[in-house]
Amino acid sequence: MGSRAITCHLTTVLMMLSACSDGASVTQADQSQAYATILEGPPYPPVTRLGPEPYSPTLQDRRWQFADRLEERHLPMLRRLKRGEIGNFGGIEWRWRGGPENDGLGTVTGVAYFLNEPAATLRRYAGNSLFQPATAGFARTDQDRVAREWAGRIGDGIASPGFGNMSVPWLNIAVPRDEFEAMRTAKRWDIPPNLVLRFSEWAEPDLPAVPDELRPLIRYVPNERRLAGPTPDLATYDAIVLRDGCFFIDEEGADDPLAMFPLGVGVYRDREGHLAFRSRHSGNARQLARVGTRMQLGYRAEVAAPPPALIEACGRHRVVTVKSLAQAAGYGGVWFAVKQSAAREGLSKAEALRQANDCLLEQERVLTDKRLRGGKAEPQWCEMATNIPSAPPVEPDAG
């Protein structure tokens, strides 16, 4: 949309449409037959804390960390085993069973793989019941070749190999487990037992992309089918808006693309009644941006073959996938700049946050006015949004 003037102001407060031609609002009965349009939304308070967001490790993360400590504890024995069984040892797989043990992590077993005589071989090195023998499909000396061959066979973007110190190699799988198992059955893949499949919990959201209550307002929410791999770490900024039930990136010019979102992102109505983006993982409470606000979209890539259902629902437009949906106002390490500014100016935490938020919200107001209504004012870019220069050096006391 760029700087095209909009004569009708649209917000998310009641998720209702306004008729721009005569100002008449759509009745509640009519709304059930109409899709929503949201071109503008109020940003959340940009800075809420003078520190990074706390990290809460998932169950999977905690289990991996626990297994790493176990491996470190038994490393002398594992090194002897590795040296003595070159060409026979296939690696250790840390296998979990749910339960209250280990602070709720469950019970763990170190499955030791060998090509020949697994039980007898393991007994020569360990009598610890923590370790159990199993037959390998290949030795660790062949792990690089085997893991990369299987990653190529399964497909780039779906499987990627990983290797550890004493562990079995693994394949990181970027699609949901059910989808992968259907592929494995159809293609009759006989994956070796000591090539472990790691299914990320982030590939299996437990919340819907669109809650039932919002389905009448939205035509289609396009999500990537798999987790995104590594992408360039870019900061790109634009608003994502909703027009007649379809999400567009509101870029400069008239050729706005439809937006496609990461696998684990959906929409919901927040506590204030505004349409906003959220993680589709109930355990991830990180706040994303509201629809109609400027966002840090990260890396963008044009989609060569967009979902046919998206084109059918929203028309033939360019489709661009984005990596991030974080609110631009207050994004990233702004908290650190505010903290530095507070220390330099002698401000309290509350006052530093107030000044920063006032500045950032005014900046967003001016940018929104330019985007939607052709405003001519230029924003005053807040110092904390760039690099705050350090305080000048203090001259030593001559006396």
# chains A, B, ... in the order shown; residues from 1 in each chain; ligands from 1
>>> residues_around(residues="Asp256 (chain A)", least_positions_apart="2", cutoff="10 Å", atoms="only C-alpha atoms", output="JSON list (two decimals) with C-alpha atoms, in the first residue's frame")
[["chain", "number", "residue", "atom", "x", "y", "z"],
["A", 1, "MET", "CA", 0.00, 0.00, 0.00],
["A", 2, "GLY", "CA", 2.91, 2.32, 0.67],
["A", 248, "PHE", "CA", -0.52, -8.86, 3.03],
["A", 249, "ILE", "CA", 2.91, -7.33, 3.64],
["A", 250, "ASP", "CA", 2.25, -3.60, 3.31],
["A", 251, "GLU", "CA", 5.31, -2.66, 1.25],
["A", 252, "GLU", "CA", 6.01, 0.49, -0.74],
["A", 253, "GLY", "CA", 4.16, 0.60, -4.03],
["A", 254, "ALA", "CA", 1.01, -1.13, -5.23],
["A", 258, "LEU", "CA", 0.59, -12.09, 0.36],
["A", 259, "ALA", "CA", 2.42, -13.15, 3.52],
["A", 317, "HIS", "CA", -0.45, -12.22, -5.98],
["A", 318, "ARG", "CA", 3.20, -12.64, -5.16],
["A", 319, "VAL", "CA", 3.66, -14.70, -2.00],
["A", 320, "VAL", "CA", 6.54, -13.94, 0.37]]
>>> residues_around(residues="Pro118 (chain A)", least_positions_apart="3", cutoff="12 Å", atoms="only C-alpha atoms", output="PDB file with C-alpha atoms, in the first residue's frame")
ATOM      1  CA  GLU A  85      36.004 -51.348  19.163  1.00  0.00           C
ATOM      2  CA  ASN A  88      32.445 -52.398  15.651  1.00  0.00           C
ATOM      3  CA  PHE A  89      31.120 -49.578  17.872  1.00  0.00           C
ATOM      4  CA  GLY A  90      28.023 -47.831  16.464  1.00  0.00           C
ATOM      5  CA  GLY A  91      27.542 -45.125  19.097  1.00  0.00           C
ATOM      6  CA  VAL A 111      21.745 -47.904  24.287  1.00  0.00           C
ATOM      7  CA  ALA A 112      25.215 -49.023  23.106  1.00  0.00           C
ATOM      8  CA  TYR A 113      25.272 -50.227  19.487  1.00  0.00           C
ATOM      9  CA  PHE A 114      27.756 -52.771  18.084  1.00  0.00           C
ATOM     10  CA  LEU A 115      27.903 -54.586  14.751  1.00  0.00           C
ATOM     11  CA  THR A 121      31.228 -56.580  23.843  1.00  0.00           C
ATOM     12  CA  LEU A 122      29.479 -54.186  26.213  1.00  0.00           C
ATOM     13  CA  ARG A 123      30.246 -56.434  29.225  1.00  0.00           C
ATOM     14  CA  ARG A 124      33.959 -56.021  28.595  1.00  0.00           C
ATOM     15  CA  TYR A 125      33.692 -52.288  29.232  1.00  0.00           C
ATOM     16  CA  ALA A 126      30.685 -51.558  31.441  1.00  0.00           C
ATOM     17  CA  PHE A 131      23.901 -49.068  29.451  1.00  0.00           C
ATOM     18  CA  GLN A 132      22.102 -51.699  27.351  1.00  0.00           C
ATOM     19  CA  PRO A 133      23.436 -53.462  24.201  1.00  0.00           C
ATOM     20  CA  ALA A 134      21.854 -53.361  20.743  1.00  0.00           C
ATOM     21  CA  THR A 135      22.796 -54.377  17.194  1.00  0.00           C
ATOM     22  CA  ALA A 136      24.029 -51.570  14.938  1.00  0.00           C
ATOM     23  CA  GLY A 137      23.419 -51.104  11.240  1.00  0.00           C
TER      24      GLY A 137
END
>>> residues_around(residues="Leu234 (chain A)", least_positions_apart="3", cutoff="12 Å", atoms="only C-alpha atoms", output="list of chain:residue names")
A:Pro230, A:Thr231, A:Tyr237, A:Gln296, A:Leu297, A:Gly298, A:Tyr299, A:Arg300, A:Ala301, A:Val322, A:Lys323, A:Ser324
>>> closest_residue(among="A:Arg290, A:Trp381, A:Pro169, A:Thr107", to="Arg271 (chain A)", atoms="only C-alpha atoms")
A:Arg290
>>> select_by_dssp(residues="region 176-386 of chain A", states="helix (DSSP H, G or I)", output="MDAnalysis selection string")
chainID A and resid 177:187 201:203 212:217 308:314 334:345 349:373 383:385
>>> atom_distance(atom1="CA of Ala343 (chain A)", atom2="CA of Arg294 (chain A)")
29.1 Å
>>> closest_residue(among="A:Val366, A:Ala276, A:Leu353, A:Ala304", to="Leu325 (chain A)", atoms="only C-alpha atoms")
A:Ala276
>>> residues_around(residues="region 175-185 of chain A", least_positions_apart="4", cutoff="6 Å", atoms="only C-alpha atoms", output="ChimeraX atom specification")
/A:189,203-204,226
>>> write_last_selection(atoms="N, CA and C atoms", output="PDB file, in the first residue's frame")
ATOM      1  N   TRP A 189      11.353 -46.945   3.467  1.00  0.00           N
ATOM      2  CA  TRP A 189      12.680 -46.623   3.973  1.00  0.00           C
ATOM      3  C   TRP A 189      13.012 -47.528   5.145  1.00  0.00           C
ATOM      4  N   ALA A 203       8.041 -28.609  15.366  1.00  0.00           N
ATOM      5  CA  ALA A 203       7.372 -28.976  14.118  1.00  0.00           C
ATOM      6  C   ALA A 203       5.967 -29.502  14.347  1.00  0.00           C
ATOM      7  N   GLU A 204       5.568 -29.616  15.622  1.00  0.00           N
ATOM      8  CA  GLU A 204       4.261 -30.177  15.935  1.00  0.00           C
ATOM      9  C   GLU A 204       3.517 -29.257  16.895  1.00  0.00           C
ATOM     10  N   ARG A 226       7.069 -27.009   6.877  1.00  0.00           N
ATOM     11  CA  ARG A 226       8.170 -27.579   7.660  1.00  0.00           C
ATOM     12  C   ARG A 226       8.932 -26.454   8.351  1.00  0.00           C
TER      13      ARG A 226
END
>>> residues_around(residues="region 49-54 of chain A", least_positions_apart="6", cutoff="8 Å", atoms="only C-alpha atoms", output="PDB file with C-alpha atoms, in the first residue's frame")
ATOM      1  CA  GLY A 333      18.337  -5.362  22.172  1.00  0.00           C
ATOM      2  CA  TRP A 335      16.303  -2.834  26.340  1.00  0.00           C
ATOM      3  CA  PHE A 336      20.096  -2.722  26.605  1.00  0.00           C
ATOM      4  CA  VAL A 338      17.531   1.950  27.458  1.00  0.00           C
ATOM      5  CA  LYS A 339      19.464   0.512  30.392  1.00  0.00           C
ATOM      6  CA  LYS A 349      13.970   2.109  35.802  1.00  0.00           C
ATOM      7  CA  LEU A 353      11.014   2.769  30.433  1.00  0.00           C
TER       8      LEU A 353
END
>>> residues_around(residues="Gly330 (chain A)", least_positions_apart="2", cutoff="12 Å", atoms="only C-alpha atoms", output="ChimeraX atom specification")
/A:43-50,52,287-289,294-296,326-328,332-338,353,356-361,363-364,382-386
>>> closest_residue(among="A:Leu81, A:Ala239, A:Ala313, A:Ala228", to="Met166 (chain A)", atoms="only C-alpha atoms")
A:Leu81
>>> residues_around(residues="region 143-151 of chain A", least_positions_apart="3", cutoff="10 Å", atoms="only C-alpha atoms", output="list of chain:residue names")
A:Gly90, A:Gly91, A:Gly137, A:Phe138, A:Ala139, A:Arg140, A:Ile154, A:Gly155, A:Asp156, A:Gly157, A:Ile158, A:Ala159, A:Ser160, A:Pro161, A:Gly162, A:Phe163, A:Val168, A:Pro169, A:Trp170, A:Leu171, A:Asn172, A:Ile173, A:Trp189, A:Ile191, A:Pro192, A:Asn194, A:Leu195, A:Val196
>>> write_last_selection(atoms="N, CA, C and O atoms", output="short mmCIF file (atom, residue, chain, number, x, y, z; two decimals), in the first residue's frame")
data_model
loop_
_atom_site.label_atom_id
_atom_site.label_comp_id
_atom_site.auth_asym_id
_atom_site.auth_seq_id
_atom_site.Cartn_x
_atom_site.Cartn_y
_atom_site.Cartn_z
N GLY A 90 28.95 -48.64 17.27
CA GLY A 90 28.02 -47.83 16.46
C GLY A 90 27.49 -46.61 17.16
O GLY A 90 26.65 -45.90 16.61
N GLY A 91 27.98 -46.33 18.41
CA GLY A 91 27.54 -45.13 19.10
C GLY A 91 26.58 -45.40 20.23
O GLY A 91 26.05 -46.50 20.38
N GLY A 137 23.50 -50.93 12.68
CA GLY A 137 23.42 -51.10 11.24
C GLY A 137 24.70 -50.69 10.54
O GLY A 137 24.93 -51.03 9.38
N PHE A 138 25.57 -49.95 11.26
CA PHE A 138 26.85 -49.51 10.71
C PHE A 138 27.72 -49.08 11.88
O PHE A 138 27.23 -48.80 12.98
N ALA A 139 29.01 -49.03 11.67
CA ALA A 139 29.94 -48.56 12.69
C ALA A 139 30.11 -47.05 12.60
O ALA A 139 29.85 -46.43 11.56
N ARG A 140 30.60 -46.47 13.70
CA ARG A 140 30.82 -45.02 13.70
C ARG A 140 31.84 -44.59 12.66
O ARG A 140 31.83 -43.45 12.21
N ILE A 154 16.21 -38.83 1.83
CA ILE A 154 14.95 -38.32 2.37
C ILE A 154 14.60 -36.97 1.78
O ILE A 154 13.42 -36.70 1.48
N GLY A 155 15.59 -36.14 1.58
CA GLY A 155 15.31 -34.87 0.90
C GLY A 155 15.85 -33.67 1.63
O GLY A 155 15.72 -33.54 2.85
N ASP A 156 16.48 -32.78 0.87
CA ASP A 156 16.99 -31.52 1.40
C ASP A 156 15.82 -30.69 1.92
O ASP A 156 14.79 -30.57 1.28
N GLY A 157 15.98 -30.13 3.10
CA GLY A 157 14.90 -29.35 3.70
C GLY A 157 14.01 -30.18 4.60
O GLY A 157 13.24 -29.63 5.38
N ILE A 158 14.10 -31.51 4.52
CA ILE A 158 13.35 -32.38 5.42
C ILE A 158 14.29 -33.01 6.45
O ILE A 158 13.98 -33.03 7.64
N ALA A 159 15.42 -33.51 6.00
CA ALA A 159 16.36 -34.19 6.90
C ALA A 159 17.74 -33.55 6.78
O ALA A 159 18.21 -33.28 5.67
N SER A 160 18.38 -33.34 7.91
CA SER A 160 19.75 -32.84 7.92
C SER A 160 20.54 -33.62 8.98
O SER A 160 20.03 -33.89 10.06
N PRO A 161 21.78 -34.01 8.66
CA PRO A 161 22.54 -34.88 9.56
C PRO A 161 23.17 -34.12 10.72
O PRO A 161 23.48 -32.93 10.61
N GLY A 162 23.37 -34.85 11.82
CA GLY A 162 24.07 -34.30 12.97
C GLY A 162 24.95 -35.37 13.59
O GLY A 162 24.67 -36.56 13.47
N PHE A 163 26.04 -34.94 14.25
CA PHE A 163 27.02 -35.87 14.79
C PHE A 163 27.45 -35.42 16.18
O PHE A 163 27.54 -34.21 16.45
N VAL A 168 25.33 -41.84 18.71
CA VAL A 168 24.99 -42.23 17.35
C VAL A 168 24.76 -40.96 16.53
O VAL A 168 24.43 -39.90 17.09
N PRO A 169 24.95 -41.02 15.22
CA PRO A 169 24.57 -39.87 14.39
C PRO A 169 23.04 -39.76 14.35
O PRO A 169 22.34 -40.71 14.69
N TRP A 170 22.56 -38.61 13.93
CA TRP A 170 21.11 -38.43 13.88
C TRP A 170 20.71 -37.62 12.66
O TRP A 170 21.55 -36.98 12.00
N LEU A 171 19.44 -37.66 12.36
CA LEU A 171 18.85 -36.83 11.32
C LEU A 171 17.83 -35.92 11.97
O LEU A 171 16.89 -36.38 12.63
N ASN A 172 18.03 -34.61 11.83
CA ASN A 172 17.01 -33.66 12.27
C ASN A 172 15.90 -33.63 11.24
O ASN A 172 16.14 -33.36 10.06
N ILE A 173 14.67 -33.91 11.66
CA ILE A 173 13.53 -33.98 10.76
C ILE A 173 12.68 -32.73 10.94
O ILE A 173 12.25 -32.41 12.05
N TRP A 189 11.35 -46.94 3.47
CA TRP A 189 12.68 -46.62 3.97
C TRP A 189 13.01 -47.53 5.14
O TRP A 189 12.29 -47.57 6.14
N ILE A 191 15.51 -47.48 7.67
CA ILE A 191 16.55 -46.64 8.26
C ILE A 191 17.31 -47.44 9.31
O ILE A 191 16.70 -48.11 10.14
N PRO A 192 18.65 -47.42 9.29
CA PRO A 192 19.43 -48.19 10.27
C PRO A 192 19.06 -47.83 11.70
O PRO A 192 18.73 -46.68 12.00
N ASN A 194 20.79 -47.42 14.39
CA ASN A 194 21.64 -46.44 15.08
C ASN A 194 21.82 -45.15 14.28
O ASN A 194 22.80 -44.42 14.48
N LEU A 195 20.87 -44.86 13.40
CA LEU A 195 20.72 -43.53 12.80
C LEU A 195 19.41 -42.97 13.36
O LEU A 195 18.33 -43.32 12.90
N VAL A 196 19.51 -42.15 14.39
CA VAL A 196 18.34 -41.73 15.16
C VAL A 196 17.64 -40.57 14.47
O VAL A 196 18.27 -39.66 13.93
#
>>> closest_residue(among="A:Ala285, A:Leu78, A:Ile218, A:Ile92", to="Ser56 (chain A)", atoms="only C-alpha atoms")
A:Ala285
>>> atom_distance(atom1="CA of Val241 (chain A)", atom2="CA of Ala36 (chain A)")
10.3 Å
>>> atom_distance(atom1="CA of Pro42 (chain A)", atom2="CA of Leu263 (chain A)")
25.3 Å
>>> closest_residue(among="A:Thr293, A:Arg80, A:Gly229, A:Tyr35", to="His274 (chain A)", atoms="only C-alpha atoms")
A:Thr293
>>> closest_residue(among="A:Ala174, A:Asp255, A:Leu227, A:Leu275", to="Val210 (chain A)", atoms="only C-alpha atoms")
A:Leu275
>>> select_by_dssp(residues="region 182-252 of chain A", states="strand (DSSP E)", output="count of residues only")
16
